$ cat work-v4.cif   # mmCIF, C-alpha atoms
data_target
loop_
_atom_site.label_atom_id
_atom_site.label_comp_id
_atom_site.auth_asym_id
_atom_site.auth_seq_id
_atom_site.Cartn_x
_atom_site.Cartn_y
_atom_site.Cartn_z
CA MET A 1 -2.30 -8.01 -10.20
CA LYS A 2 -0.22 -8.14 -6.99
CA ALA A 3 -0.23 -5.42 -4.29
CA LEU A 4 1.98 -4.84 -1.25
CA LEU A 5 0.33 -4.23 2.12
CA LEU A 6 2.70 -2.77 4.72
CA ILE A 7 1.01 -3.27 8.10
CA ASP A 8 1.71 -0.80 10.93
CA ILE A 9 5.45 -0.31 10.37
CA GLN A 10 5.42 2.63 12.76
CA GLN A 11 7.94 4.07 15.17
CA GLY A 12 5.88 3.13 18.24
CA LEU A 13 6.52 -0.55 17.60
CA GLN A 14 10.14 0.04 18.63
CA GLU A 15 8.84 0.63 22.19
CA VAL A 16 9.27 -2.95 23.31
CA GLY A 17 8.29 -2.31 26.94
CA PHE A 18 4.71 -1.39 26.03
CA TYR A 19 4.12 -4.62 24.13
CA GLY A 20 6.19 -7.17 26.02
CA THR A 21 9.81 -7.65 27.08
CA GLU A 22 11.43 -8.62 23.76
CA ARG A 23 10.81 -8.53 20.01
CA ASN A 24 12.26 -10.91 17.45
CA ASN A 25 13.33 -10.17 13.84
CA PRO A 26 15.11 -6.81 14.27
CA GLN A 27 15.66 -6.90 10.49
CA ALA A 28 11.90 -6.81 9.73
CA GLU A 29 11.94 -3.07 8.94
CA SER A 30 15.00 -3.22 6.66
CA ASN A 31 13.56 -6.24 4.82
CA SER A 32 10.28 -4.36 4.45
CA HIS A 33 12.22 -1.43 2.96
CA THR A 34 13.91 -3.74 0.43
CA ILE A 35 10.57 -5.21 -0.65
CA LEU A 36 8.94 -1.78 -0.78
CA GLU A 37 11.69 -0.57 -3.13
CA ALA A 38 11.24 -3.67 -5.32
CA PHE A 39 7.50 -2.93 -5.67
CA ARG A 40 8.27 0.74 -6.38
CA SER A 41 10.74 -0.19 -9.12
CA LYS A 42 8.09 -2.39 -10.76
CA GLY A 43 5.39 0.27 -10.41
CA TRP A 44 3.15 -2.24 -8.59
CA PRO A 45 0.44 -1.05 -6.17
CA ILE A 46 1.46 -0.28 -2.59
CA PHE A 47 -0.77 0.36 0.43
CA HIS A 48 0.66 1.74 3.67
CA ILE A 49 -1.53 0.71 6.61
CA GLN A 50 -1.24 2.95 9.67
CA HIS A 51 -2.62 1.99 13.06
CA CYS A 52 -4.23 4.94 14.87
CA SER A 53 -4.94 3.51 18.32
CA THR A 54 -7.94 4.77 20.26
CA ASN A 55 -6.03 4.06 23.51
CA PRO A 56 -4.41 7.35 24.63
CA ASP A 57 -1.60 5.40 26.34
CA SER A 58 -0.63 3.48 23.20
CA PRO A 59 2.56 4.49 21.36
CA LEU A 60 0.39 4.29 18.21
CA HIS A 61 -2.15 6.89 19.37
CA PRO A 62 -2.27 9.75 16.82
CA SER A 63 -1.10 12.20 19.51
CA LYS A 64 2.17 10.24 19.97
CA LYS A 65 5.42 10.41 18.00
CA GLY A 66 5.23 6.63 17.70
CA ASN A 67 2.23 6.94 15.38
CA ALA A 68 4.61 8.08 12.58
CA PHE A 69 5.82 5.59 9.98
CA TYR A 70 9.25 4.05 10.52
CA PRO A 71 11.67 6.13 8.41
CA ALA A 72 12.78 3.32 6.08
CA VAL A 73 9.20 2.70 4.91
CA GLN A 74 7.96 6.30 4.78
CA PRO A 75 5.19 6.59 2.14
CA LYS A 76 6.09 8.55 -0.99
CA GLU A 77 3.71 11.13 -2.43
CA GLY A 78 0.91 9.38 -4.26
CA GLU A 79 1.18 6.11 -2.33
CA PRO A 80 -2.08 5.49 -0.47
CA VAL A 81 -2.13 5.50 3.32
CA ILE A 82 -5.00 3.58 4.94
CA GLN A 83 -5.66 4.46 8.56
CA LYS A 84 -7.33 1.94 10.86
CA ASN A 85 -8.04 1.66 14.57
CA VAL A 86 -8.51 -2.10 14.98
CA ASN A 87 -6.18 -4.97 14.13
CA SER A 88 -7.67 -5.84 10.77
CA ALA A 89 -6.74 -3.55 7.88
CA PHE A 90 -10.12 -4.45 6.36
CA ILE A 91 -12.42 -3.25 9.15
CA GLY A 92 -13.46 0.40 9.17
CA THR A 93 -11.46 1.04 5.97
CA ASP A 94 -12.10 0.92 2.21
CA LEU A 95 -9.11 -1.38 1.58
CA GLU A 96 -11.17 -4.31 0.25
CA GLN A 97 -13.04 -2.04 -2.16
CA ARG A 98 -9.82 -0.34 -3.33
CA LEU A 99 -8.16 -3.70 -4.04
CA LYS A 100 -11.20 -5.02 -5.90
CA THR A 101 -11.61 -1.79 -7.91
CA GLN A 102 -8.00 -2.17 -9.06
CA ASN A 103 -8.55 -5.88 -9.93
CA ILE A 104 -5.99 -6.91 -7.34
CA SER A 105 -6.43 -10.59 -6.45
CA GLU A 106 -3.08 -11.20 -4.76
CA VAL A 107 -1.50 -9.42 -1.81
CA VAL A 108 1.95 -9.58 -0.25
CA ILE A 109 1.72 -8.84 3.48
CA LEU A 110 4.51 -7.76 5.83
CA GLY A 111 4.82 -5.57 8.92
CA LEU A 112 3.96 -5.63 12.59
CA THR A 113 3.08 -7.58 14.59
CA THR A 114 3.03 -11.18 13.41
CA GLU A 115 0.59 -12.29 16.09
CA HIS A 116 -1.80 -9.34 16.20
CA CYS A 117 -2.38 -7.05 13.21
CA VAL A 118 -0.47 -9.10 10.61
CA SER A 119 -2.22 -12.36 11.56
CA THR A 120 -5.63 -10.69 11.71
CA SER A 121 -5.22 -8.90 8.37
CA THR A 122 -3.80 -12.05 6.72
CA ARG A 123 -6.69 -14.19 7.96
CA MET A 124 -9.25 -11.67 6.77
CA ALA A 125 -7.56 -11.06 3.39
CA ALA A 126 -7.61 -14.80 2.73
CA ASN A 127 -11.21 -15.20 3.89
CA LEU A 128 -12.24 -12.30 1.62
CA GLY A 129 -10.81 -14.24 -1.33
CA PHE A 130 -7.36 -12.74 -1.86
CA GLN A 131 -4.31 -14.93 -2.49
CA VAL A 132 -1.91 -14.00 0.31
CA THR A 133 1.87 -14.26 0.52
CA LEU A 134 3.26 -13.44 3.97
CA ILE A 135 6.94 -12.56 4.41
CA SER A 136 8.31 -14.40 7.44
CA ASP A 137 11.41 -12.23 8.01
CA ALA A 138 9.68 -8.93 7.29
CA THR A 139 7.33 -9.32 10.23
CA ALA A 140 8.08 -9.61 13.95
CA ALA A 141 6.44 -10.63 17.20
CA PHE A 142 6.57 -9.68 20.87
CA ASP A 143 6.66 -12.17 23.73
CA LYS A 144 3.42 -12.86 25.60
CA ILE A 145 2.22 -14.08 28.98
CA GLY A 146 0.21 -17.26 28.52
CA ILE A 147 -3.04 -18.09 30.33
CA ASP A 148 -0.94 -20.16 32.77
CA GLY A 149 1.05 -17.02 33.66
CA LYS A 150 4.24 -18.26 31.99
CA ARG A 151 6.15 -16.10 29.51
CA ILE A 152 6.23 -17.31 25.89
CA PRO A 153 9.30 -16.04 23.98
CA ALA A 154 8.80 -13.79 20.93
CA GLU A 155 10.34 -16.37 18.61
CA VAL A 156 7.82 -19.02 19.75
CA ILE A 157 4.93 -16.57 19.26
CA HIS A 158 6.28 -15.74 15.80
CA ASN A 159 6.80 -19.34 14.68
CA THR A 160 3.47 -20.65 15.97
CA ALA A 161 1.60 -17.71 14.41
CA LEU A 162 3.22 -18.45 11.03
CA ALA A 163 2.52 -22.20 11.38
CA ASN A 164 -1.15 -21.41 11.95
CA LEU A 165 -1.33 -19.15 8.87
CA LYS A 166 0.68 -21.44 6.57
CA ASP A 167 -1.39 -23.23 3.90
CA GLU A 168 -4.70 -22.35 5.57
CA PHE A 169 -4.45 -18.60 4.93
CA ALA A 170 -1.16 -17.77 3.21
CA THR A 171 1.96 -18.91 1.44
CA ILE A 172 4.90 -18.06 3.69
CA LYS A 173 8.06 -16.82 1.96
CA THR A 174 11.31 -15.19 3.04
CA THR A 175 12.32 -11.77 1.69
CA GLU A 176 14.97 -13.46 -0.47
CA ALA A 177 12.48 -15.93 -1.97
CA LEU A 178 10.01 -13.12 -2.73
CA LEU A 179 12.70 -11.01 -4.39
CA ASP A 180 13.66 -14.01 -6.54
CA VAL A 181 10.07 -14.19 -7.77
CA ILE A 182 9.81 -10.43 -8.33
CA ASN A 183 13.10 -10.17 -10.20
CA ASN A 184 12.73 -13.26 -12.40
CA MET B 185 -27.25 -9.04 25.84
CA LYS B 186 -24.90 -12.03 25.68
CA ALA B 187 -24.98 -14.68 22.92
CA LEU B 188 -23.23 -18.04 22.56
CA LEU B 189 -21.39 -18.79 19.31
CA LEU B 190 -20.56 -22.48 18.86
CA ILE B 191 -17.91 -22.65 16.13
CA ASP B 192 -17.70 -25.75 13.90
CA ILE B 193 -18.34 -28.41 16.56
CA GLN B 194 -18.80 -31.01 13.84
CA GLN B 195 -18.08 -34.72 13.61
CA GLY B 196 -15.34 -34.24 10.99
CA LEU B 197 -13.11 -32.57 13.56
CA GLN B 198 -12.71 -35.97 15.23
CA GLU B 199 -10.72 -37.06 12.15
CA VAL B 200 -7.35 -36.13 13.59
CA GLY B 201 -5.32 -37.48 10.65
CA PHE B 202 -6.73 -34.93 8.21
CA TYR B 203 -5.73 -31.98 10.37
CA GLY B 204 -2.51 -33.13 12.05
CA THR B 205 -1.34 -35.98 14.23
CA GLU B 206 -2.88 -35.07 17.60
CA ARG B 207 -5.56 -32.86 19.11
CA ASN B 208 -5.60 -31.47 22.64
CA ASN B 209 -8.58 -30.86 24.94
CA PRO B 210 -10.65 -34.01 24.32
CA GLN B 211 -13.18 -32.54 26.76
CA ALA B 212 -13.89 -29.51 24.50
CA GLU B 213 -17.13 -31.03 23.15
CA SER B 214 -18.50 -32.05 26.56
CA ASN B 215 -17.65 -28.62 28.02
CA SER B 216 -19.37 -27.02 25.02
CA HIS B 217 -22.45 -29.15 25.74
CA THR B 218 -22.48 -27.99 29.38
CA ILE B 219 -22.27 -24.33 28.36
CA LEU B 220 -24.90 -24.81 25.63
CA GLU B 221 -27.31 -26.25 28.23
CA ALA B 222 -26.59 -23.33 30.57
CA PHE B 223 -27.49 -20.83 27.81
CA ARG B 224 -30.61 -22.86 26.94
CA SER B 225 -31.74 -22.86 30.57
CA LYS B 226 -31.39 -19.07 30.69
CA GLY B 227 -33.13 -18.60 27.33
CA TRP B 228 -30.16 -16.63 26.03
CA PRO B 229 -29.43 -16.43 22.29
CA ILE B 230 -27.46 -19.29 20.71
CA PHE B 231 -25.90 -19.46 17.24
CA HIS B 232 -24.59 -22.74 15.83
CA ILE B 233 -21.88 -22.07 13.24
CA GLN B 234 -21.38 -24.88 10.72
CA HIS B 235 -18.38 -25.06 8.42
CA CYS B 236 -19.30 -26.23 4.92
CA SER B 237 -15.90 -26.69 3.28
CA THR B 238 -15.55 -26.08 -0.46
CA ASN B 239 -12.74 -28.69 -0.51
CA PRO B 240 -14.29 -32.03 -1.58
CA ASP B 241 -11.59 -33.90 0.39
CA SER B 242 -12.36 -32.12 3.67
CA PRO B 243 -14.27 -34.04 6.38
CA LEU B 244 -16.37 -30.85 6.65
CA HIS B 245 -17.52 -30.88 3.01
CA PRO B 246 -21.35 -30.97 2.90
CA SER B 247 -21.20 -34.35 1.09
CA LYS B 248 -19.38 -35.94 4.06
CA LYS B 249 -20.76 -37.43 7.28
CA GLY B 250 -18.25 -35.26 9.15
CA ASN B 251 -20.17 -32.13 8.15
CA ALA B 252 -22.85 -33.04 10.75
CA PHE B 253 -22.83 -31.44 14.16
CA TYR B 254 -21.25 -33.39 17.01
CA PRO B 255 -24.13 -35.16 18.80
CA ALA B 256 -23.69 -33.42 22.19
CA VAL B 257 -24.18 -29.97 20.62
CA GLN B 258 -26.89 -30.81 18.09
CA PRO B 259 -29.01 -27.68 17.44
CA LYS B 260 -32.55 -27.78 18.79
CA GLU B 261 -35.48 -26.65 16.68
CA GLY B 262 -35.59 -22.88 16.54
CA GLU B 263 -31.87 -22.38 17.29
CA PRO B 264 -30.25 -20.62 14.33
CA VAL B 265 -27.62 -22.44 12.27
CA ILE B 266 -25.22 -20.20 10.34
CA GLN B 267 -23.36 -21.92 7.53
CA LYS B 268 -20.00 -20.56 6.36
CA ASN B 269 -17.26 -21.72 4.02
CA VAL B 270 -14.28 -19.71 5.29
CA ASN B 271 -12.71 -19.55 8.75
CA SER B 272 -14.47 -16.41 9.93
CA ALA B 273 -18.09 -16.83 11.01
CA PHE B 274 -18.62 -13.22 9.92
CA ILE B 275 -17.61 -13.49 6.24
CA GLY B 276 -20.25 -14.58 3.75
CA THR B 277 -22.88 -14.78 6.53
CA ASP B 278 -25.41 -12.44 8.16
CA LEU B 279 -24.10 -13.14 11.68
CA GLU B 280 -22.98 -9.56 12.39
CA GLN B 281 -26.33 -8.19 11.27
CA ARG B 282 -28.27 -10.77 13.30
CA LEU B 283 -26.30 -9.96 16.46
CA LYS B 284 -26.74 -6.22 15.99
CA THR B 285 -30.46 -6.54 15.19
CA GLN B 286 -30.88 -8.39 18.50
CA ASN B 287 -28.82 -5.75 20.38
CA ILE B 288 -26.21 -8.33 21.28
CA SER B 289 -22.96 -6.62 22.26
CA GLU B 290 -21.24 -9.54 23.99
CA VAL B 291 -20.44 -13.00 22.65
CA VAL B 292 -19.13 -16.15 24.29
CA ILE B 293 -17.09 -18.16 21.78
CA LEU B 294 -16.15 -21.84 21.93
CA GLY B 295 -15.57 -24.63 19.43
CA LEU B 296 -12.99 -25.78 16.92
CA THR B 297 -10.24 -25.14 16.19
CA THR B 298 -8.47 -22.74 18.52
CA GLU B 299 -5.89 -21.72 15.93
CA HIS B 300 -8.03 -21.52 12.79
CA CYS B 301 -11.76 -20.80 12.87
CA VAL B 302 -12.02 -19.91 16.58
CA SER B 303 -9.06 -17.48 16.43
CA THR B 304 -10.27 -15.92 13.19
CA SER B 305 -13.86 -15.50 14.39
CA THR B 306 -12.69 -14.16 17.77
CA ARG B 307 -10.39 -11.60 16.15
CA MET B 308 -13.09 -10.44 13.78
CA ALA B 309 -15.83 -10.33 16.46
CA ALA B 310 -13.59 -8.11 18.60
CA ASN B 311 -12.63 -5.86 15.68
CA LEU B 312 -16.32 -5.49 14.78
CA GLY B 313 -16.91 -4.12 18.28
CA PHE B 314 -18.26 -7.09 20.22
CA GLN B 315 -17.03 -7.91 23.73
CA VAL B 316 -15.68 -11.45 23.45
CA THR B 317 -15.23 -14.14 26.09
CA LEU B 318 -13.39 -17.22 24.80
CA ILE B 319 -13.60 -20.52 26.70
CA SER B 320 -10.13 -22.05 26.91
CA ASP B 321 -11.20 -25.62 27.72
CA ALA B 322 -14.14 -25.68 25.31
CA THR B 323 -11.89 -25.21 22.30
CA ALA B 324 -9.08 -27.42 20.98
CA ALA B 325 -6.12 -27.29 18.60
CA PHE B 326 -4.27 -29.65 16.28
CA ASP B 327 -0.49 -29.87 16.01
CA LYS B 328 1.20 -28.08 13.13
CA ILE B 329 4.37 -28.25 11.06
CA GLY B 330 6.29 -24.99 11.45
CA ILE B 331 8.06 -23.13 8.64
CA ASP B 332 11.29 -24.79 9.80
CA GLY B 333 9.71 -28.23 9.18
CA LYS B 334 9.53 -29.07 12.89
CA ARG B 335 6.32 -30.32 14.48
CA ILE B 336 4.70 -28.03 17.05
CA PRO B 337 2.55 -29.94 19.59
CA ALA B 338 -1.21 -29.23 19.76
CA GLU B 339 -0.90 -27.94 23.33
CA VAL B 340 1.71 -25.33 22.27
CA ILE B 341 -0.47 -24.26 19.33
CA HIS B 342 -3.44 -23.96 21.70
CA ASN B 343 -1.60 -22.01 24.41
CA THR B 344 0.13 -19.57 22.04
CA ALA B 345 -3.12 -18.94 20.16
CA LEU B 346 -4.88 -18.10 23.44
CA ALA B 347 -1.97 -15.91 24.58
CA ASN B 348 -2.27 -13.91 21.35
CA LEU B 349 -6.02 -13.43 21.78
CA LYS B 350 -5.91 -12.64 25.52
CA ASP B 351 -6.56 -8.97 26.38
CA GLU B 352 -6.11 -7.83 22.76
CA PHE B 353 -9.25 -9.57 21.45
CA ALA B 354 -10.93 -11.50 24.25
CA THR B 355 -11.24 -12.33 27.91
CA ILE B 356 -10.20 -15.97 28.33
CA LYS B 357 -12.19 -18.01 30.84
CA THR B 358 -12.53 -21.69 31.73
CA THR B 359 -15.88 -23.46 31.51
CA GLU B 360 -16.08 -23.49 35.30
CA ALA B 361 -15.42 -19.73 35.58
CA LEU B 362 -18.04 -18.99 32.91
CA LEU B 363 -20.64 -21.17 34.65
CA ASP B 364 -19.94 -19.32 37.92
CA VAL B 365 -20.77 -16.04 36.16
CA ILE B 366 -23.87 -17.45 34.46
CA ASN B 367 -25.26 -19.04 37.62
CA ASN B 368 -24.58 -16.14 40.01
#
$ encode --input "work-v4.cif" --output "structure tokens"
Amino acid sequence: MKALLLIDIQQGLQEVGFYGTERNNPQAESNSHTILEAFRSKGWPIFHIQHCSTNPDSPLHPSKKGNAFYPAVQPKEGEPVIQKNVNSAFIGTDLEQRLKTQNISEVVILGLTTEHCVSTSTRMAANLGFQVTLISDATAAFDKIGIDGKRIPAEVIHNTALANLKDEFATIKTTEALLDVINN
Amino acid sequence: MKALLLIDIQQGLQEVGFYGTERNNPQAESNSHTILEAFRSKGWPIFHIQHCSTNPDSPLHPSKKGNAFYPAVQPKEGEPVIQKNVNSAFIGTDLEQRLKTQNISEVVILGLTTEHCVSTSTRMAANLGFQVTLISDATAAFDKIGIDGKRIPAEVIHNTALANLKDEFATIKTTEALLDVINN
């Protein structure tokens, strides 16, 4: 049984300035929408993960508009929403137990951001024993300042994060390749 | 109370060909030794994490010579050894419970590899509520093949992994900066 985990696809992650100076993969949200609709049409399990930051300045703090889900991936009635306040969707939540209770052994992960919450949740899902497929063009990264003070572009952060997850923690697929599997 | 976590500093991680084509930071093991001796001289808690791979081909499989600790960081009698078989030192082990029982709220992490077990254990330590300091020159990375098929050098893997952990999960320090703190 395969489940979809949508990680932190919230309005606050449009606020580029808080997280860096640029974000790659502007199509991550629309690709996530397409995959969400494919899972809905199959009646497969869906879990919406929502980051509720404990930092009052964060766009993802529950007091902020940015805490809301991005419109294209708004949960429908009956679809579970799992709230978390750290990067991993498995810490401080009952996600692992819910997946195991439903005999789910395989998860498809997408959302934001590649390098923080998506990488952390992917690593932990794999280490907890789930088979993980991560969708490369339905996740996105922000640029970072390295320990040498130099800026690292968002695309480099994205690609290195995926290279580190590939094989060791997850199978990496594009949206198109996943849809081929779902529809055939 | 501050503890040292030495992650997978085992002989098998000298076998570059199994993990990639090059490794950076050849001084990671000697820096780890220096920090280990500093913790020993203070009598501060030390945990040796040992990866026992379930893959019979891995240099870290318990049947292989490579499973042994690297000589310079060999555990002394009485120093706890925590064996794991996934990337995170906190999954399938009692490490979290041991740290909490000893009222340890802060961990210094070093070891191998930056992008796999060190990153995963750092992320999870932080998300479990520990204050984490990660030692940039006492950890090392291998090169990777990206999802576009292009090779990404070990130094780029190392620097991007640290940039992703910095501030969000850990304070990044050099061996020298850590020793300054320990000795003053």
$ residues_around --input "work-v4.cif" --residues "B:Leu197" --least-positions-apart "4" --cutoff "12 Å" --atoms "all atoms listed in the file" --output "ChimeraX atom specification"
/B:191-193,201-204,206-208,210,212-213,234-235,242-245,248-254,295-298,301,323-326
$ write_last_selection --input "work-v4.cif" --atoms "C-alpha atoms" --output "CSV table (one decimal), in the coordinates of the input"
chain,number,residue,atom,x,y,z
B,191,ILE,CA,-17.9,-22.6,16.1
B,192,ASP,CA,-17.7,-25.8,13.9
B,193,ILE,CA,-18.3,-28.4,16.6
B,201,GLY,CA,-5.3,-37.5,10.6
B,202,PHE,CA,-6.7,-34.9,8.2
B,203,TYR,CA,-5.7,-32.0,10.4
B,204,GLY,CA,-2.5,-33.1,12.0
B,206,GLU,CA,-2.9,-35.1,17.6
B,207,ARG,CA,-5.6,-32.9,19.1
B,208,ASN,CA,-5.6,-31.5,22.6
B,210,PRO,CA,-10.6,-34.0,24.3
B,212,ALA,CA,-13.9,-29.5,24.5
B,213,GLU,CA,-17.1,-31.0,23.2
B,234,GLN,CA,-21.4,-24.9,10.7
B,235,HIS,CA,-18.4,-25.1,8.4
B,242,SER,CA,-12.4,-32.1,3.7
B,243,PRO,CA,-14.3,-34.0,6.4
B,244,LEU,CA,-16.4,-30.8,6.6
B,245,HIS,CA,-17.5,-30.9,3.0
B,248,LYS,CA,-19.4,-35.9,4.1
B,249,LYS,CA,-20.8,-37.4,7.3
B,250,GLY,CA,-18.2,-35.3,9.2
B,251,ASN,CA,-20.2,-32.1,8.2
B,252,ALA,CA,-22.8,-33.0,10.8
B,253,PHE,CA,-22.8,-31.4,14.2
B,254,TYR,CA,-21.2,-33.4,17.0
B,295,GLY,CA,-15.6,-24.6,19.4
B,296,LEU,CA,-13.0,-25.8,16.9
B,297,THR,CA,-10.2,-25.1,16.2
B,298,THR,CA,-8.5,-22.7,18.5
B,301,CYS,CA,-11.8,-20.8,12.9
B,323,THR,CA,-11.9,-25.2,22.3
B,324,ALA,CA,-9.1,-27.4,21.0
B,325,ALA,CA,-6.1,-27.3,18.6
B,326,PHE,CA,-4.3,-29.6,16.3
$ closest_residue --input "work-v4.cif" --among "B:Val302, B:Val365, B:Ile293, B:Leu312" --to "A:Gly92" --atoms "only C-alpha atoms"
B:Leu312
$ residues_around --input "work-v4.cif" --residues "A:Leu179" --least-positions-apart "3" --cutoff "9 Å" --atoms "only C-alpha atoms" --output "PDB file with C-alpha atoms, in the coordinates of the input"
ATOM      1  CA  THR A  34      13.910  -3.740   0.430  1.00  0.00           C
ATOM      2  CA  ILE A  35      10.570  -5.210  -0.650  1.00  0.00           C
ATOM      3  CA  ALA A  38      11.240  -3.670  -5.320  1.00  0.00           C
ATOM      4  CA  THR A 174      11.310 -15.190   3.040  1.00  0.00           C
ATOM      5  CA  THR A 175      12.320 -11.770   1.690  1.00  0.00           C
ATOM      6  CA  GLU A 176      14.970 -13.460  -0.470  1.00  0.00           C
ATOM      7  CA  ILE A 182       9.810 -10.430  -8.330  1.00  0.00           C
ATOM      8  CA  ASN A 183      13.100 -10.170 -10.200  1.00  0.00           C
ATOM      9  CA  ASN A 184      12.730 -13.260 -12.400  1.00  0.00           C
TER      10      ASN A 184
END
$ residues_around --input "work-v4.cif" --residues "stretch 122-126 of chain A" --least-positions-apart "5" --cutoff "9 Å" --atoms "only C-alpha atoms" --output "list of chain:residue names"
A:Ser88, A:Ala89, A:Phe90, A:Glu96, A:Val107, A:Ile109, A:Cys117, A:Gln131, A:Val132, A:Thr133, A:Leu134, A:Leu165, A:Glu168, A:Phe169, A:Ala170, B:Val270, B:Asn271, B:Ser272, B:Ile275, B:His300, B:Thr304, B:Met308
$ write_last_selection --input "work-v4.cif" --atoms "C-alpha atoms" --output "PDB file, in the coordinates of the input"
ATOM      1  CA  SER A  88      -7.670  -5.840  10.770  1.00  0.00           C
ATOM      2  CA  ALA A  89      -6.740  -3.550   7.880  1.00  0.00           C
ATOM      3  CA  PHE A  90     -10.120  -4.450   6.360  1.00  0.00           C
ATOM      4  CA  GLU A  96     -11.170  -4.310   0.250  1.00  0.00           C
ATOM      5  CA  VAL A 107      -1.500  -9.420  -1.810  1.00  0.00           C
ATOM      6  CA  ILE A 109       1.720  -8.840   3.480  1.00  0.00           C
ATOM      7  CA  CYS A 117      -2.380  -7.050  13.210  1.00  0.00           C
ATOM      8  CA  GLN A 131      -4.310 -14.930  -2.490  1.00  0.00           C
ATOM      9  CA  VAL A 132      -1.910 -14.000   0.310  1.00  0.00           C
ATOM     10  CA  THR A 133       1.870 -14.260   0.520  1.00  0.00           C
ATOM     11  CA  LEU A 134       3.260 -13.440   3.970  1.00  0.00           C
ATOM     12  CA  LEU A 165      -1.330 -19.150   8.870  1.00  0.00           C
ATOM     13  CA  GLU A 168      -4.700 -22.350   5.570  1.00  0.00           C
ATOM     14  CA  PHE A 169      -4.450 -18.600   4.930  1.00  0.00           C
ATOM     15  CA  ALA A 170      -1.160 -17.770   3.210  1.00  0.00           C
TER      16      ALA A 170
ATOM     17  CA  VAL B 270     -14.280 -19.710   5.290  1.00  0.00           C
ATOM     18  CA  ASN B 271     -12.710 -19.550   8.750  1.00  0.00           C
ATOM     19  CA  SER B 272     -14.470 -16.410   9.930  1.00  0.00           C
ATOM     20  CA  ILE B 275     -17.610 -13.490   6.240  1.00  0.00           C
ATOM     21  CA  HIS B 300      -8.030 -21.520  12.790  1.00  0.00           C
ATOM     22  CA  THR B 304     -10.270 -15.920  13.190  1.00  0.00           C
ATOM     23  CA  MET B 308     -13.090 -10.440  13.780  1.00  0.00           C
TER      24      MET B 308
END
$ closest_atom_pairs --input "work-v4.cif" --of "chain A" --to "chain B" --cutoff "6 Å" --atoms "all atoms listed in the file" --output "JSON lines"
{"residue": "A:Val86", "atom": "CA", "partner": "B:Asn311", "partner_atom": "CA", "distance": 5.6}
{"residue": "A:Asn127", "atom": "CA", "partner": "B:Val270", "partner_atom": "CA", "distance": 5.6}
{"residue": "A:Gly146", "atom": "CA", "partner": "B:Ala347", "partner_atom": "CA", "distance": 4.7}
{"residue": "A:Ala163", "atom": "CA", "partner": "B:Gly330", "partner_atom": "CA", "distance": 4.7}
$ atom_distance --input "work-v4.cif" --atom1 "atom CA of A:Leu95" --atom2 "atom CA of A:Ile135"
19.8 Å
$ atom_distance --input "work-v4.cif" --atom1 "atom CA of B:Thr355" --atom2 "atom CA of B:Ala322"
13.9 Å
$ closest_residue --input "work-v4.cif" --among "A:Asn25, A:Pro80, A:Ala3, A:Asp180" --to "A:Trp44" --atoms "all atoms listed in the file"
A:Ala3
$ residues_around --input "work-v4.cif" --residues "B:Arg282" --least-positions-apart "6" --cutoff "12 Å" --atoms "all atoms listed in the file" --output "list of chain:residue names"
B:Ala187, B:Pro229, B:Ile230, B:Phe231, B:Pro264, B:Val265, B:Ile266, B:Phe274, B:Ile288, B:Ser289
$ closest_residue --input "work-v4.cif" --among "B:Thr205, B:Ser216, B:Gln194, B:Thr285" --to "B:Pro246" --atoms "all atoms listed in the file"
B:Gln194
$ closest_residue --input "work-v4.cif" --among "B:Gln195, B:Ala338, B:Pro259, B:Thr238" --to "B:Arg224" --atoms "only C-alpha atoms"
B:Pro259
$ atom_distance --input "work-v4.cif" --atom1 "atom CA of B:Val292" --atom2 "atom CA of B:Ala256"
18.0 Å
$ closest_residue --input "work-v4.cif" --among "B:Ser214, B:Ile233, B:Ser225, B:Glu263" --to "B:Leu190" --atoms "only C-alpha atoms"
B:Ile233
$ closest_residue --input "work-v4.cif" --among "A:Gln27, A:Lys2, A:His33, A:Pro56" --to "A:Gln74" --atoms "only C-alpha atoms"
A:His33
$ decode --input "work-v4.cif" --residues "stretch 141-148 of chain A" --atoms "N, CA and C atoms" --output "PDB file, in the first residue's frame"
ATOM      1  N   ALA A 141      14.159  24.051  -3.433  1.00  0.00           N
ATOM      2  CA  ALA A 141      15.154  24.465  -2.431  1.00  0.00           C
ATOM      3  C   ALA A 141      15.355  25.979  -2.454  1.00  0.00           C
ATOM      4  N   PHE A 142      15.885  26.503  -1.362  1.00  0.00           N
ATOM      5  CA  PHE A 142      16.357  27.881  -1.316  1.00  0.00           C
ATOM      6  C   PHE A 142      17.883  27.894  -1.363  1.00  0.00           C
ATOM      7  N   ASP A 143      18.457  29.005  -1.775  1.00  0.00           N
ATOM      8  CA  ASP A 143      19.913  29.142  -1.720  1.00  0.00           C
ATOM      9  C   ASP A 143      20.365  29.234  -0.257  1.00  0.00           C
ATOM     10  N   LYS A 144      21.645  29.040  -0.046  1.00  0.00           N
ATOM     11  CA  LYS A 144      22.199  29.035   1.314  1.00  0.00           C
ATOM     12  C   LYS A 144      23.534  29.784   1.317  1.00  0.00           C
ATOM     13  N   ILE A 145      23.938  30.223   2.507  1.00  0.00           N
ATOM     14  CA  ILE A 145      25.291  30.748   2.686  1.00  0.00           C
ATOM     15  C   ILE A 145      26.132  29.634   3.308  1.00  0.00           C
ATOM     16  N   GLY A 146      27.193  29.256   2.617  1.00  0.00           N
ATOM     17  CA  GLY A 146      28.057  28.174   3.097  1.00  0.00           C
ATOM     18  C   GLY A 146      28.895  28.592   4.295  1.00  0.00           C
ATOM     19  N   ILE A 147      29.620  27.636   4.892  1.00  0.00           N
ATOM     20  CA  ILE A 147      30.430  27.963   6.074  1.00  0.00           C
ATOM     21  C   ILE A 147      31.626  28.850   5.705  1.00  0.00           C
ATOM     22  N   ASP A 148      31.920  28.961   4.401  1.00  0.00           N
ATOM     23  CA  ASP A 148      32.974  29.881   3.955  1.00  0.00           C
ATOM     24  C   ASP A 148      32.407  31.266   3.623  1.00  0.00           C
TER      25      ASP A 148
END
